[in-house]
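Raw model-v4.csv, CSV, C-alpha atoms:
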```csv
chain,number,residue,atom,x,y,z
A,292,MET,CA,19.2,-21.8,16.7
A,293,LYS,CA,17.7,-22.8,13.4
A,294,GLN,CA,19.1,-21.0,10.4
A,295,MET,CA,16.4,-19.3,8.3
A,296,GLU,CA,15.8,-20.8,4.9
A,297,GLN,CA,16.8,-18.5,2.1
A,298,LYS,CA,14.3,-18.0,-0.6
A,299,GLU,CA,15.2,-17.6,-4.2
A,300,THR,CA,14.7,-14.1,-5.5
A,301,TRP,CA,12.4,-14.6,-8.5
A,302,LEU,CA,11.0,-11.1,-8.8
A,303,LYS,CA,13.9,-8.9,-9.7
A,304,SER,CA,11.8,-6.1,-11.4
A,305,LEU,CA,8.4,-5.2,-12.6
A,306,MET,CA,9.9,-3.8,-15.8
A,307,THR,CA,9.1,-5.7,-19.0
A,308,LYS,CA,9.8,-5.2,-22.7
A,309,ASN,CA,6.2,-5.1,-23.8
A,310,PRO,CA,2.6,-5.6,-22.7
A,311,GLN,CA,2.7,-9.4,-23.5
A,312,GLU,CA,5.6,-9.9,-21.1
A,313,GLY,CA,3.8,-7.7,-18.6
A,314,TYR,CA,0.7,-9.8,-18.8
A,315,GLU,CA,2.8,-13.0,-18.4
A,316,LEU,CA,4.4,-11.5,-15.3
A,317,ALA,CA,1.0,-10.6,-13.9
A,318,ILE,CA,0.0,-14.2,-14.2
A,319,LYS,CA,3.2,-15.3,-12.5
A,320,LEU,CA,2.6,-12.8,-9.7
A,321,SER,CA,-0.9,-14.1,-9.2
A,322,ARG,CA,0.2,-17.7,-9.1
A,323,MET,CA,3.0,-17.0,-6.7
A,324,GLY,CA,0.5,-15.1,-4.4
A,325,VAL,CA,-1.7,-18.2,-4.3
A,326,LYS,CA,1.4,-20.5,-3.7
A,327,SER,CA,2.5,-18.2,-0.8
A,328,THR,CA,-0.9,-18.1,0.7
A,329,GLN,CA,-1.3,-21.9,0.5
A,330,PRO,CA,2.2,-23.5,0.6
A,331,ASP,CA,0.8,-27.0,1.1
A,332,MET,CA,0.8,-28.4,-2.5
A,333,ASP,CA,-1.6,-31.2,-1.7
A,334,VAL,CA,-4.2,-28.8,-0.4
A,335,LEU,CA,-3.5,-26.4,-3.3
A,336,LYS,CA,-4.1,-29.1,-5.9
A,337,LYS,CA,-7.2,-30.3,-4.1
A,338,LEU,CA,-8.7,-26.8,-4.0
A,339,ARG,CA,-7.8,-26.2,-7.7
A,340,LYS,CA,-10.4,-28.8,-8.7
A,341,GLU,CA,-13.1,-26.8,-6.9
A,342,TYR,CA,-12.3,-23.3,-8.2
A,343,ALA,CA,-11.4,-24.5,-11.7
A,344,ASN,CA,-15.1,-25.4,-12.3
A,345,SER,CA,-16.5,-22.3,-10.5
A,346,ALA,CA,-17.5,-19.3,-12.5
A,347,SER,CA,-17.0,-17.0,-9.5
A,348,GLY,CA,-13.7,-18.6,-8.7
A,349,LEU,CA,-12.4,-18.1,-12.2
A,350,THR,CA,-13.7,-14.5,-12.2
A,351,ALA,CA,-11.9,-13.8,-9.0
A,352,ALA,CA,-8.7,-15.3,-10.3
A,353,SER,CA,-9.0,-13.1,-13.5
A,354,HIS,CA,-9.6,-10.1,-11.3
A,355,VAL,CA,-6.3,-10.7,-9.4
A,356,VAL,CA,-4.4,-11.1,-12.7
A,357,ALA,CA,-6.0,-7.8,-13.9
A,358,ILE,CA,-5.0,-5.9,-10.8
A,359,ASN,CA,-1.4,-7.3,-11.1
A,360,PHE,CA,-1.3,-6.3,-14.8
A,361,GLN,CA,-2.5,-2.8,-13.9
A,362,THR,CA,0.3,-2.5,-11.4
A,363,ILE,CA,2.9,-3.7,-13.9
A,364,SER,CA,1.5,-1.4,-16.7
A,365,ALA,CA,1.9,1.6,-14.4
A,366,ALA,CA,5.4,0.5,-13.5
A,367,ASN,CA,6.3,0.4,-17.2
A,368,ASN,CA,4.7,3.8,-17.9
A,369,TYR,CA,2.2,1.9,-20.1
A,370,TRP,CA,5.0,1.0,-22.5
A,371,LYS,CA,5.0,4.5,-24.0
```

Could you take the file, read its structure, and then write that structure out as structure tokens?
Amino acid sequence: MKQMEQKETWLKSLMTKNPQEGYELAIKLSRMGVKSTQPDMDVLKKLRKEYANSASGLTAASHVVAINFQTISAANNYWK
């Protein structure tokens, strides 16, 4: 029986020191989501050329980052 590959735990917490770190984490979450959805790096790089020059593709990517930032902000009680 093949042993399952262990993945590195990269997301230890949604807690950040400030909104800037929270936004950077939102970007990382978004990028990791794309990478998980399309694990073939050759395909991913090929597709990047298409959406990098597409207004709707860039808007969709920004939307995903915004949703992730909203989640992180709530987890951090909006840094109050």

- Task: Have a look at atom CA of Asn368 of chain A and atom CA of His354 of chain A and let me know their distance in Å, one decimal.
- Result: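 Going from atom CA of Asn368 of chain A over to atom CA of His354 of chain A, I get 21.0 Å.
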
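For the residues A:Ala343, A:Leu349, A:Val334, A:Leu305, ranking by smallest atom-to-atom distance to Gln361 of chain A using all atoms listed in the file places A:Leu305 first.
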
- Give as a list in words the set of residues within 12 Å of the point (2.7, -13.0, -17.3), where distances use the file's coordinates and all atoms listed in the file.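 I get Leu305, Met306, Thr307, Lys308, Asn309, Pro310, Gln311, Glu312, Gly313, Tyr314, Glu315, Leu316, Ala317, Ile318, Lys319, Leu320, Ser321, Arg322, Met323, Val356, Ala357, Asn359, Phe360, Gln361, Ile363 and Ser364 of chain A for the residues within 12 Å of that point.
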
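For the choices A:Lys303, A:Ser347, A:Lys298, A:Ala352, the atom-to-atom distance to Ser327 of chain A is smallest for A:Lys298 when using all atoms listed in the file.
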
- Of the candidates A:Ala366, A:Val325, A:Lys371, A:Asp333, which shows the shortest atom-to-atom distance to Ser304 of chain A, using all atoms listed in the file?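 Counting all atoms listed in the file, the residue closest to Ser304 of chain A is A:Ala366.
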
- Item | Straight-line distance linking atom CA of Met332 of chain A with atom CA of Thr350 of chain A, stated in Å to one decimal |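 Going from atom CA of Met332 of chain A over to atom CA of Thr350 of chain A covers 22.3 Å.
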
- Item | atom CA of Lys326 of chain A to atom CA of Arg339 of chain A, distance in Å rounded to a single decimal |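 Going from atom CA of Lys326 of chain A over to atom CA of Arg339 of chain A, I get 11.5 Å.
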